[in-house]
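K.L.:
Structure file protein22.cif, mmCIF, C-alpha atoms; chains and numbers go by the auth columns, is pasted below:
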data_model
loop_
_atom_site.group_PDB
_atom_site.id
_atom_site.type_symbol
_atom_site.label_atom_id
_atom_site.label_comp_id
_atom_site.label_asym_id
_atom_site.label_seq_id
_atom_site.Cartn_x
_atom_site.Cartn_y
_atom_site.Cartn_z
_atom_site.B_iso_or_equiv
_atom_site.auth_seq_id
_atom_site.auth_asym_id
ATOM 1 C CA MET A 1 62.179 22.817 -58.409 0.00 1173 I
ATOM 2 C CA VAL A 2 59.829 21.960 -55.546 0.00 1174 I
ATOM 3 C CA THR A 3 56.487 23.772 -55.642 0.00 1175 I
ATOM 4 C CA ARG A 4 55.446 26.205 -52.913 0.00 1176 I
ATOM 5 C CA GLN A 5 52.726 23.841 -51.651 0.00 1177 I
ATOM 6 C CA THR A 6 55.195 20.980 -51.352 0.00 1178 I
ATOM 7 C CA ALA A 7 57.663 23.214 -49.522 0.00 1179 I
ATOM 8 C CA ILE A 8 54.962 24.239 -47.034 0.00 1180 I
ATOM 9 C CA LYS A 9 54.101 20.587 -46.369 0.00 1181 I
ATOM 10 C CA ILE A 10 57.754 19.683 -45.815 0.00 1182 I
ATOM 11 C CA ARG A 11 58.154 22.667 -43.470 0.00 1183 I
ATOM 12 C CA LYS A 12 55.095 21.652 -41.435 0.00 1184 I
ATOM 13 C CA ALA A 13 56.237 18.028 -41.238 0.00 1185 I
ATOM 14 C CA HIS A 14 59.679 19.146 -40.108 0.00 1186 I
ATOM 15 C CA ARG A 15 58.230 21.497 -37.472 0.00 1187 I
ATOM 16 C CA TYR A 16 55.860 18.967 -35.938 0.00 1188 I
ATOM 17 C CA LEU A 17 58.383 16.147 -36.046 0.00 1189 I
ATOM 18 C CA GLY A 18 60.901 18.398 -34.325 0.00 1190 I
ATOM 19 C CA LEU A 19 58.362 19.289 -31.645 0.00 1191 I
ATOM 20 C CA PHE A 20 57.413 15.639 -31.124 0.00 1192 I
ATOM 21 C CA LEU A 21 60.964 14.307 -31.071 0.00 1193 I
ATOM 22 C CA GLY A 22 62.586 17.267 -29.334 0.00 1194 I
ATOM 23 C CA ILE A 23 61.983 16.004 -25.807 0.00 1195 I
ATOM 24 C CA GLN A 24 63.477 12.584 -26.567 0.00 1196 I
ATOM 25 C CA PHE A 25 66.446 14.201 -28.343 0.00 1197 I
ATOM 26 C CA LEU A 26 66.999 16.315 -25.233 0.00 1198 I
ATOM 27 C CA ILE A 27 66.849 13.198 -23.043 0.00 1199 I
ATOM 28 C CA TRP A 28 69.357 11.419 -25.299 0.00 1200 I
ATOM 29 C CA THR A 29 71.687 14.411 -25.051 0.00 1201 I
ATOM 30 C CA ILE A 30 71.406 14.766 -21.257 0.00 1202 I
ATOM 31 C CA SER A 31 71.843 11.043 -20.618 0.00 1203 I
ATOM 32 C CA GLY A 32 74.760 10.867 -23.067 0.00 1204 I
ATOM 33 C CA MET A 33 76.478 13.759 -21.280 0.00 1205 I
ATOM 34 C CA TYR A 34 75.942 12.066 -17.920 0.00 1206 I
ATOM 35 C CA PHE A 35 77.442 8.807 -19.206 0.00 1207 I
ATOM 36 C CA SER A 36 80.500 10.535 -20.671 0.00 1208 I
ATOM 37 C CA TRP A 37 81.170 12.736 -17.626 0.00 1209 I
ATOM 38 C CA THR A 38 80.832 10.114 -14.881 0.00 1210 I
ATOM 39 C CA ASP A 39 83.411 7.620 -13.679 0.00 1211 I
ATOM 40 C CA ILE A 40 82.053 4.139 -14.391 0.00 1212 I
ATOM 41 C CA ASP A 41 84.041 2.707 -11.457 0.00 1213 I
ATOM 42 C CA GLU A 42 82.250 5.150 -9.164 0.00 1214 I
ATOM 43 C CA ILE A 43 78.909 4.109 -10.663 0.00 1215 I
ATOM 44 C CA HIS A 44 79.803 0.487 -9.915 0.00 1216 I
ATOM 45 C CA GLY A 45 80.446 1.504 -6.307 0.00 1217 I
ATOM 46 C CA ASP A 46 84.118 0.517 -6.289 0.00 1218 I
ATOM 47 C CA HIS A 47 84.916 3.341 -3.836 0.00 1219 I
ATOM 48 C CA PHE A 48 82.680 1.613 -1.277 0.00 1220 I
ATOM 49 C CA LYS A 49 84.616 -1.633 -1.596 0.00 1221 I
ATOM 50 C CA LYS A 50 88.083 -2.580 -0.421 0.00 1222 I
ATOM 51 C CA GLU A 51 90.758 -1.913 -3.021 0.00 1223 I
ATOM 52 C CA ILE A 52 92.560 -5.173 -2.307 0.00 1224 I
ATOM 53 C CA LEU A 53 90.542 -8.241 -1.368 0.00 1225 I
ATOM 54 C CA GLU A 54 92.550 -10.582 0.811 0.00 1226 I
ATOM 55 C CA GLN A 55 92.348 -14.158 -0.392 0.00 1227 I
ATOM 56 C CA THR A 56 92.218 -16.727 2.399 0.00 1228 I
ATOM 57 C CA ALA A 57 94.409 -19.791 2.009 0.00 1229 I
ATOM 58 C CA PHE A 58 92.832 -23.065 3.128 0.00 1230 I
ATOM 59 C CA SER A 59 94.401 -26.428 3.916 0.00 1231 I
ATOM 60 C CA ASP A 60 93.166 -29.894 4.874 0.00 1232 I
ATOM 61 C CA LEU A 61 90.382 -29.829 2.290 0.00 1233 I
ATOM 62 C CA LEU A 62 88.446 -32.911 1.284 0.00 1234 I
ATOM 63 C CA GLY A 63 88.617 -34.394 -2.194 0.00 1235 I
ATOM 64 C CA THR A 64 85.525 -34.795 -4.362 0.00 1236 I
ATOM 65 C CA THR A 65 85.533 -38.556 -3.745 0.00 1237 I
ATOM 66 C CA GLN A 66 84.903 -37.858 -0.063 0.00 1238 I
ATOM 67 C CA LEU A 67 81.770 -35.860 -0.763 0.00 1239 I
ATOM 68 C CA GLU A 68 78.355 -37.443 -1.054 0.00 1240 I
ATOM 69 C CA ILE A 69 77.644 -36.014 -4.495 0.00 1241 I
ATOM 70 C CA GLU A 70 74.571 -37.350 -6.265 0.00 1242 I
ATOM 71 C CA GLN A 71 75.689 -36.344 -9.797 0.00 1243 I
ATOM 72 C CA PRO A 72 79.039 -36.344 -11.635 0.00 1244 I
ATOM 73 C CA VAL A 73 81.082 -33.171 -11.122 0.00 1245 I
ATOM 74 C CA ARG A 74 80.898 -30.876 -14.151 0.00 1246 I
ATOM 75 C CA SER A 75 82.182 -27.757 -12.408 0.00 1247 I
ATOM 76 C CA MET A 76 83.574 -26.909 -9.005 0.00 1248 I
ATOM 77 C CA GLU A 77 84.484 -23.613 -7.359 0.00 1249 I
ATOM 78 C CA LEU A 78 86.090 -22.998 -3.982 0.00 1250 I
ATOM 79 C CA LEU A 79 84.223 -20.277 -2.098 0.00 1251 I
ATOM 80 C CA GLU A 80 84.777 -18.597 1.240 0.00 1252 I
ATOM 81 C CA ILE A 81 81.722 -18.015 3.412 0.00 1253 I
ATOM 82 C CA ALA A 82 82.276 -16.366 6.787 0.00 1254 I
ATOM 83 C CA GLY A 83 85.857 -17.635 6.930 0.00 1255 I
ATOM 84 C CA SER A 84 85.014 -21.239 6.019 0.00 1256 I
ATOM 85 C CA PRO A 85 85.780 -23.033 2.726 0.00 1257 I
ATOM 86 C CA TYR A 86 82.959 -24.442 0.611 0.00 1258 I
ATOM 87 C CA TYR A 87 82.775 -26.288 -2.688 0.00 1259 I
ATOM 88 C CA TRP A 88 80.165 -24.947 -5.109 0.00 1260 I
ATOM 89 C CA ILE A 89 79.429 -28.026 -7.190 0.00 1261 I
ATOM 90 C CA ASN A 90 77.814 -27.869 -10.662 0.00 1262 I
ATOM 91 C CA GLY A 91 76.502 -24.410 -9.859 0.00 1263 I
ATOM 92 C CA THR A 92 73.742 -25.889 -7.720 0.00 1264 I
ATOM 93 C CA THR A 93 75.011 -27.427 -4.479 0.00 1265 I
ATOM 94 C CA LEU A 94 77.213 -26.194 -1.649 0.00 1266 I
ATOM 95 C CA TYR A 95 79.432 -28.492 0.440 0.00 1267 I
ATOM 96 C CA ASN A 96 81.683 -27.678 3.358 0.00 1268 I
ATOM 97 C CA ALA A 97 85.181 -28.403 2.023 0.00 1269 I
ATOM 98 C CA ARG A 98 86.418 -29.619 5.409 0.00 1270 I
ATOM 99 C CA THR A 99 83.504 -31.616 6.800 0.00 1271 I
ATOM 100 C CA GLY A 100 81.789 -32.640 3.558 0.00 1272 I
ATOM 101 C CA ASN A 101 78.427 -31.535 4.921 0.00 1273 I
ATOM 102 C CA LYS A 102 75.926 -30.236 2.444 0.00 1274 I
ATOM 103 C CA LYS A 103 74.879 -26.632 3.105 0.00 1275 I
ATOM 104 C CA ASN A 104 71.360 -25.611 2.153 0.00 1276 I
ATOM 105 C CA GLU A 105 71.728 -21.839 2.277 0.00 1277 I
ATOM 106 C CA THR A 106 73.651 -18.918 3.731 0.00 1278 I
ATOM 107 C CA THR A 107 72.415 -17.345 6.956 0.00 1279 I
ATOM 108 C CA GLN A 108 71.974 -13.613 7.557 0.00 1280 I
ATOM 109 C CA GLN A 109 74.988 -13.521 9.849 0.00 1281 I
ATOM 110 C CA GLU A 110 77.148 -15.284 7.256 0.00 1282 I
ATOM 111 C CA ALA A 111 75.923 -12.942 4.515 0.00 1283 I
ATOM 112 C CA GLN A 112 76.880 -9.932 6.608 0.00 1284 I
ATOM 113 C CA GLN A 113 80.346 -11.402 7.129 0.00 1285 I
ATOM 114 C CA VAL A 114 80.653 -11.952 3.375 0.00 1286 I
ATOM 115 C CA ALA A 115 79.709 -8.303 2.776 0.00 1287 I
ATOM 116 C CA ASN A 116 82.163 -7.150 5.450 0.00 1288 I
ATOM 117 C CA ARG A 117 84.915 -8.952 3.561 0.00 1289 I
ATOM 118 C CA TYR A 118 84.242 -6.834 0.471 0.00 1290 I
ATOM 119 C CA MET A 119 83.021 -3.492 1.821 0.00 1291 I
ATOM 120 C CA GLN A 120 84.999 -0.681 3.460 0.00 1292 I
ATOM 121 C CA PRO A 121 85.362 -1.346 7.226 0.00 1293 I
ATOM 122 C CA GLU A 122 84.036 2.089 8.300 0.00 1294 I
ATOM 123 C CA LEU A 123 80.610 1.433 6.757 0.00 1295 I
ATOM 124 C CA LYS A 124 77.903 0.682 9.321 0.00 1296 I
ATOM 125 C CA VAL A 125 75.123 -1.784 8.575 0.00 1297 I
ATOM 126 C CA SER A 126 71.643 -0.393 9.227 0.00 1298 I
ATOM 127 C CA GLY A 127 69.638 -3.470 8.273 0.00 1299 I
ATOM 128 C CA ILE A 128 69.502 -6.729 6.381 0.00 1300 I
ATOM 129 C CA LYS A 129 66.546 -8.445 4.769 0.00 1301 I
ATOM 130 C CA ARG A 130 65.820 -11.448 2.613 0.00 1302 I
ATOM 131 C CA ILE A 131 64.387 -10.925 -0.869 0.00 1303 I
ATOM 132 C CA GLU A 132 62.737 -13.802 -2.712 0.00 1304 I
ATOM 133 C CA GLU A 133 61.808 -12.092 -5.973 0.00 1305 I
ATOM 134 C CA VAL A 134 62.214 -8.759 -7.759 0.00 1306 I
ATOM 135 C CA ASP A 135 60.511 -7.088 -10.708 0.00 1307 I
ATOM 136 C CA LYS A 136 62.107 -5.990 -13.969 0.00 1308 I
ATOM 137 C CA HIS A 137 62.850 -2.519 -12.612 0.00 1309 I
ATOM 138 C CA HIS A 138 64.506 -3.573 -9.364 0.00 1310 I
ATOM 139 C CA GLU A 139 68.166 -2.654 -8.915 0.00 1311 I
ATOM 140 C CA TYR A 140 69.001 -6.318 -8.246 0.00 1312 I
ATOM 141 C CA ARG A 141 67.256 -7.645 -11.338 0.00 1313 I
ATOM 142 C CA GLY A 142 68.908 -10.399 -13.354 0.00 1314 I
ATOM 143 C CA ARG A 143 70.916 -11.822 -10.450 0.00 1315 I
ATOM 144 C CA PRO A 144 70.604 -14.983 -8.302 0.00 1316 I
ATOM 145 C CA LEU A 145 67.607 -15.203 -5.989 0.00 1317 I
ATOM 146 C CA PRO A 146 66.873 -15.464 -3.138 0.00 1318 I
ATOM 147 C CA ALA A 147 69.392 -12.971 -1.777 0.00 1319 I
ATOM 148 C CA TYR A 148 70.137 -10.802 1.228 0.00 1320 I
ATOM 149 C CA GLU A 149 69.864 -7.051 0.841 0.00 1321 I
ATOM 150 C CA ILE A 150 72.269 -5.340 3.255 0.00 1322 I
ATOM 151 C CA SER A 151 71.674 -1.622 3.888 0.00 1323 I
ATOM 152 C CA TYR A 152 74.268 0.839 5.182 0.00 1324 I
ATOM 153 C CA GLU A 153 74.056 4.118 7.080 0.00 1325 I
ATOM 154 C CA THR A 154 75.098 6.440 4.253 0.00 1326 I
ATOM 155 C CA PRO A 155 73.560 9.472 2.492 0.00 1327 I
ATOM 156 C CA GLN A 156 73.805 7.520 -0.797 0.00 1328 I
ATOM 157 C CA ASN A 157 71.310 4.857 0.393 0.00 1329 I
ATOM 158 C CA LEU A 158 74.005 2.244 -0.114 0.00 1330 I
ATOM 159 C CA LYS A 159 73.030 -1.424 -0.409 0.00 1331 I
ATOM 160 C CA ALA A 160 74.997 -4.620 -0.980 0.00 1332 I
ATOM 161 C CA TYR A 161 73.586 -7.938 -2.167 0.00 1333 I
ATOM 162 C CA VAL A 162 74.705 -11.474 -1.286 0.00 1334 I
ATOM 163 C CA ALA A 163 73.246 -14.591 -2.916 0.00 1335 I
ATOM 164 C CA ILE A 164 71.702 -16.961 -0.384 0.00 1336 I
ATOM 165 C CA GLU A 165 72.271 -20.137 -2.375 0.00 1337 I
ATOM 166 C CA ASN A 166 76.075 -19.963 -2.395 0.00 1338 I
ATOM 167 C CA GLY A 167 76.970 -16.887 -0.317 0.00 1339 I
ATOM 168 C CA GLU A 168 78.626 -15.037 -3.197 0.00 1340 I
ATOM 169 C CA PHE A 169 78.873 -11.250 -3.067 0.00 1341 I
ATOM 170 C CA GLN A 170 76.809 -9.974 -5.985 0.00 1342 I
ATOM 171 C CA ALA A 171 76.523 -6.208 -6.298 0.00 1343 I
ATOM 172 C CA VAL A 172 76.696 -2.737 -4.762 0.00 1344 I
ATOM 173 C CA ARG A 173 73.940 -0.227 -5.411 0.00 1345 I
ATOM 174 C CA HIS A 174 73.790 3.463 -4.469 0.00 1346 I
ATOM 175 C CA ARG A 175 72.202 6.740 -5.537 0.00 1347 I
ATOM 176 C CA LYS A 176 74.494 7.507 -8.487 0.00 1348 I
ATOM 177 C CA TRP A 177 74.037 3.976 -9.834 0.00 1349 I
ATOM 178 C CA ARG A 178 70.269 4.417 -9.646 0.00 1350 I
ATOM 179 C CA TRP A 179 70.474 7.705 -11.579 0.00 1351 I
ATOM 180 C CA PHE A 180 72.660 5.991 -14.148 0.00 1352 I
ATOM 181 C CA ASP A 181 70.177 3.133 -14.406 0.00 1353 I
ATOM 182 C CA PHE A 182 67.238 5.525 -14.878 0.00 1354 I
ATOM 183 C CA LEU A 183 69.013 7.576 -17.550 0.00 1355 I
ATOM 184 C CA TRP A 184 70.133 4.392 -19.287 0.00 1356 I
ATOM 185 C CA MET A 185 66.477 3.354 -19.477 0.00 1357 I
ATOM 186 C CA THR A 186 65.514 6.682 -21.091 0.00 1358 I
ATOM 187 C CA HIS A 187 68.506 6.451 -23.422 0.00 1359 I
ATOM 188 C CA THR A 188 67.727 2.957 -24.704 0.00 1360 I
ATOM 189 C CA MET A 189 63.951 3.526 -24.437 0.00 1361 I
ATOM 190 C CA ASP A 190 63.607 0.025 -23.033 0.00 1362 I
ATOM 191 C CA TYR A 191 61.152 0.710 -20.225 0.00 1363 I
ATOM 192 C CA GLU A 192 60.840 -2.975 -19.334 0.00 1364 I
ATOM 193 C CA GLY A 193 64.324 -4.376 -18.828 0.00 1365 I
ATOM 194 C CA ARG A 194 66.715 -1.501 -19.716 0.00 1366 I
ATOM 195 C CA ASP A 195 69.092 -3.324 -22.079 0.00 1367 I
ATOM 196 C CA ASP A 196 67.061 -4.166 -25.199 0.00 1368 I
ATOM 197 C CA PHE A 197 68.177 -2.028 -28.167 0.00 1369 I
ATOM 198 C CA ASN A 198 65.632 -3.619 -30.497 0.00 1370 I
ATOM 199 C CA THR A 199 62.421 -2.222 -29.032 0.00 1371 I
ATOM 200 C CA PHE A 200 59.725 -0.922 -31.357 0.00 1372 I
ATOM 201 C CA VAL A 201 59.746 2.474 -29.621 0.00 1373 I
ATOM 202 C CA LEU A 202 63.476 3.007 -30.158 0.00 1374 I
ATOM 203 C CA ARG A 203 63.261 1.915 -33.789 0.00 1375 I
ATOM 204 C CA ALA A 204 60.296 4.221 -34.421 0.00 1376 I
ATOM 205 C CA PHE A 205 61.998 7.240 -32.842 0.00 1377 I
ATOM 206 C CA SER A 206 65.220 6.521 -34.719 0.00 1378 I
ATOM 207 C CA LEU A 207 63.335 6.384 -38.021 0.00 1379 I
ATOM 208 C CA LEU A 208 61.397 9.559 -37.255 0.00 1380 I
ATOM 209 C CA GLY A 209 64.643 11.249 -36.263 0.00 1381 I
ATOM 210 C CA LEU A 210 66.146 10.341 -39.631 0.00 1382 I
ATOM 211 C CA ILE A 211 63.088 11.741 -41.400 0.00 1383 I
ATOM 212 C CA THR A 212 63.402 14.972 -39.397 0.00 1384 I
ATOM 213 C CA VAL A 213 67.043 15.392 -40.390 0.00 1385 I
ATOM 214 C CA VAL A 214 66.330 14.646 -44.051 0.00 1386 I
ATOM 215 C CA SER A 215 63.423 17.122 -44.091 0.00 1387 I
ATOM 216 C CA GLY A 216 65.729 19.742 -42.561 0.00 1388 I
ATOM 217 C CA PHE A 217 68.295 19.246 -45.317 0.00 1389 I
ATOM 218 C CA THR A 218 65.495 19.349 -47.891 0.00 1390 I
ATOM 219 C CA LEU A 219 64.217 22.662 -46.502 0.00 1391 I
ATOM 220 C CA TRP A 220 67.707 24.107 -46.658 0.00 1392 I
ATOM 221 C CA TYR A 221 68.057 22.956 -50.236 0.00 1393 I
ATOM 222 C CA ILE A 222 64.753 24.368 -51.510 0.00 1394 I
ATOM 223 C CA SER A 223 65.099 27.659 -49.602 0.00 1395 I
ATOM 224 C CA SER A 224 68.738 28.329 -50.495 0.00 1396 I
ATOM 225 C CA PRO A 225 69.127 31.185 -53.043 0.00 1397 I
ATOM 226 C CA THR A 226 72.231 29.509 -54.439 0.00 1398 I
ATOM 227 C CA MET A 227 70.365 26.247 -55.033 0.00 1399 I
ATOM 228 C CA ARG A 228 67.520 28.177 -56.676 0.00 1400 I
ATOM 229 C CA LYS A 229 69.884 29.877 -59.097 0.00 1401 I
ATOM 230 C CA ILE A 230 71.504 26.555 -59.971 0.00 1402 I
ATOM 231 C CA GLY A 231 68.048 25.062 -60.542 0.00 1403 I
ATOM 232 C CA GLU A 232 66.968 27.923 -62.753 0.00 1404 I
ATOM 233 C CA LYS A 233 70.095 27.580 -64.893 0.00 1405 I
ATOM 234 C CA THR A 234 69.559 23.891 -65.403 0.00 1406 I
#
Could you express the structure from this file as structure tokens?
P.N.:
Amino acid sequence: MVTRQTAIKIRKAHRYLGLFLGIQFLIWTISGMYFSWTDIDEIHGDHFKKEILEQTAFSDLLGTTQLEIEQPVRSMELLEIAGSPYYWINGTTLYNARTGNKKNETTQQEAQQVANRYMQPELKVSGIKRIEEVDKHHEYRGRPLPAYEISYETPQNLKAYVAIENGEFQAVRHRKWRWFDFLWMTHTMDYEGRDDFNTFVLRAFSLLGLITVVSGFTLWYISSPTMRKIGEKT
């Protein structure tokens, strides 16, 4: 059987590990409950967007041979910007599909029209600004830049983002999404970019958590009268 001194050491290790890890365990529990009890579509802001997006049909479009394209076409996508058709060629260049003119970037007015096409009509725009760069914690991180940030007059501090390069609607952000994002950061313990599950901190806490559980089972084993009797018999 385990000696009294060893049992005391295990008990102390278990107590201090529990105290040290308890806060993070509580955070994992709270964030996990939030994730399981919230509607992910609501977090994505789908209730702020139109349920059915009307697709515009275009005619009299130019062929690729009529465009002054400097490189061979590897990919092409037909986009609608403020009611006009555009070809997004090779993921880098925008051409008007009717005139063939190259378009350098989307204007603020066009970006607002793009957002209006996606967002609920009763929402009122309170402001629009151009963003050139964002940090790793910004709600628009990991998406095309530069972009327009369109703010709405809502209690949820609602914002929509439209890429300037090709006028594509990118994302909706609001208060519940920001809470989700914050809790996701505390859940993954990736305090830099949110989505890395291989951080040293997470691995260390996971290992210490395993040690805490094992020490708890060990304490139960060495303090159980039944286990003592079995040990004495053997």
K.L.:
So, with all atoms listed in the file as the atoms that count, which of I:Leu1225, I:Ala1343, I:Leu1374, I:Ala1332 lies closest to Lys1296 of chain I?
P.N.:
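Residue with the minimum atom-to-atom distance to Lys1296 of chain I: I:Ala1332.
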K.L.:
Decode the PyMOL selection byres ((chain I and resi 1325) around 6) for the given file into explicit residues and return them as a PyMOL selection string.
P.N.:
chain I and resi 1296+1298+1324+1326
K.L.:
With C-alpha atoms retained, could you export that selection as a short mmCIF file (atom, residue, chain, number, x, y, z; two decimals), keeping the file's coordinate frame?
P.N.:
data_model
loop_
_atom_site.label_atom_id
_atom_site.label_comp_id
_atom_site.auth_asym_id
_atom_site.auth_seq_id
_atom_site.Cartn_x
_atom_site.Cartn_y
_atom_site.Cartn_z
CA LYS I 1296 77.90 0.68 9.32
CA SER I 1298 71.64 -0.39 9.23
CA TYR I 1324 74.27 0.84 5.18
CA THR I 1326 75.10 6.44 4.25
#
K.L.:
Residue by residue, what does the PyMOL selection byres ((chain I and resi 1317) around 10) grab here? Present the result as a short mmCIF file (atom, residue, chain, number, x, y, z; two decimals) with C-alpha atoms, in the coordinates of the input.
P.N.:
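Output (out07.cif):
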data_model
loop_
_atom_site.label_atom_id
_atom_site.label_comp_id
_atom_site.auth_asym_id
_atom_site.auth_seq_id
_atom_site.Cartn_x
_atom_site.Cartn_y
_atom_site.Cartn_z
CA ARG I 1302 65.82 -11.45 2.61
CA ILE I 1303 64.39 -10.92 -0.87
CA GLU I 1304 62.74 -13.80 -2.71
CA GLU I 1305 61.81 -12.09 -5.97
CA VAL I 1306 62.21 -8.76 -7.76
CA TYR I 1312 69.00 -6.32 -8.25
CA ARG I 1313 67.26 -7.64 -11.34
CA GLY I 1314 68.91 -10.40 -13.35
CA ARG I 1315 70.92 -11.82 -10.45
CA PRO I 1316 70.60 -14.98 -8.30
CA PRO I 1318 66.87 -15.46 -3.14
CA ALA I 1319 69.39 -12.97 -1.78
CA TYR I 1320 70.14 -10.80 1.23
CA VAL I 1334 74.70 -11.47 -1.29
CA ALA I 1335 73.25 -14.59 -2.92
CA ILE I 1336 71.70 -16.96 -0.38
CA GLU I 1337 72.27 -20.14 -2.38
#
K.L.:
I:Asp1232, I:Glu1364, I:Asp1353, I:Glu1252: which is nearest Tyr1206 of chain I, counting only C-alpha atoms?
P.N.:
I:Asp1353
K.L.:
Got a sec: who's within 12 Å of Thr1358 of chain I, counting all atoms listed in the file, leaving out chain neighbours fewer than 6 positions off, as a list of chain:residue names?
P.N.:
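Near neighbours after the sequence-gap exclusion: I:Ile1195, I:Gln1196, I:Phe1197, I:Leu1198, I:Ile1199, I:Trp1200, I:Thr1201, I:Ile1202, I:Ser1203, I:Gly1204, I:Trp1351, I:Phe1352, I:Glu1364, I:Gly1365, I:Arg1366, I:Asp1367, I:Asp1368, I:Phe1369, I:Val1373, I:Leu1374.
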K.L.:
Write out as a list in words which residues come within 6 Å of segment 1278-1287 of chain I when counting only C-alpha atoms, dropping same-chain ones fewer than 4 positions away.
P.N.:
Ala1254, Met1291, Ile1336 and Gly1339 of chain I
K.L.:
Could you check which of I:Leu1234, I:Ala1376, I:Ile1212, I:Leu1330 is closest to Tyr1258 of chain I, using only C-alpha atoms?
P.N.:
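Nearest to Tyr1258 of chain I: I:Leu1234.
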K.L.:
Could you tell me how far atom CA of Thr1264 of chain I lies from atom CA of Glu1321 of chain I, in Å and to one decimal?
P.N.:
21.1 Å
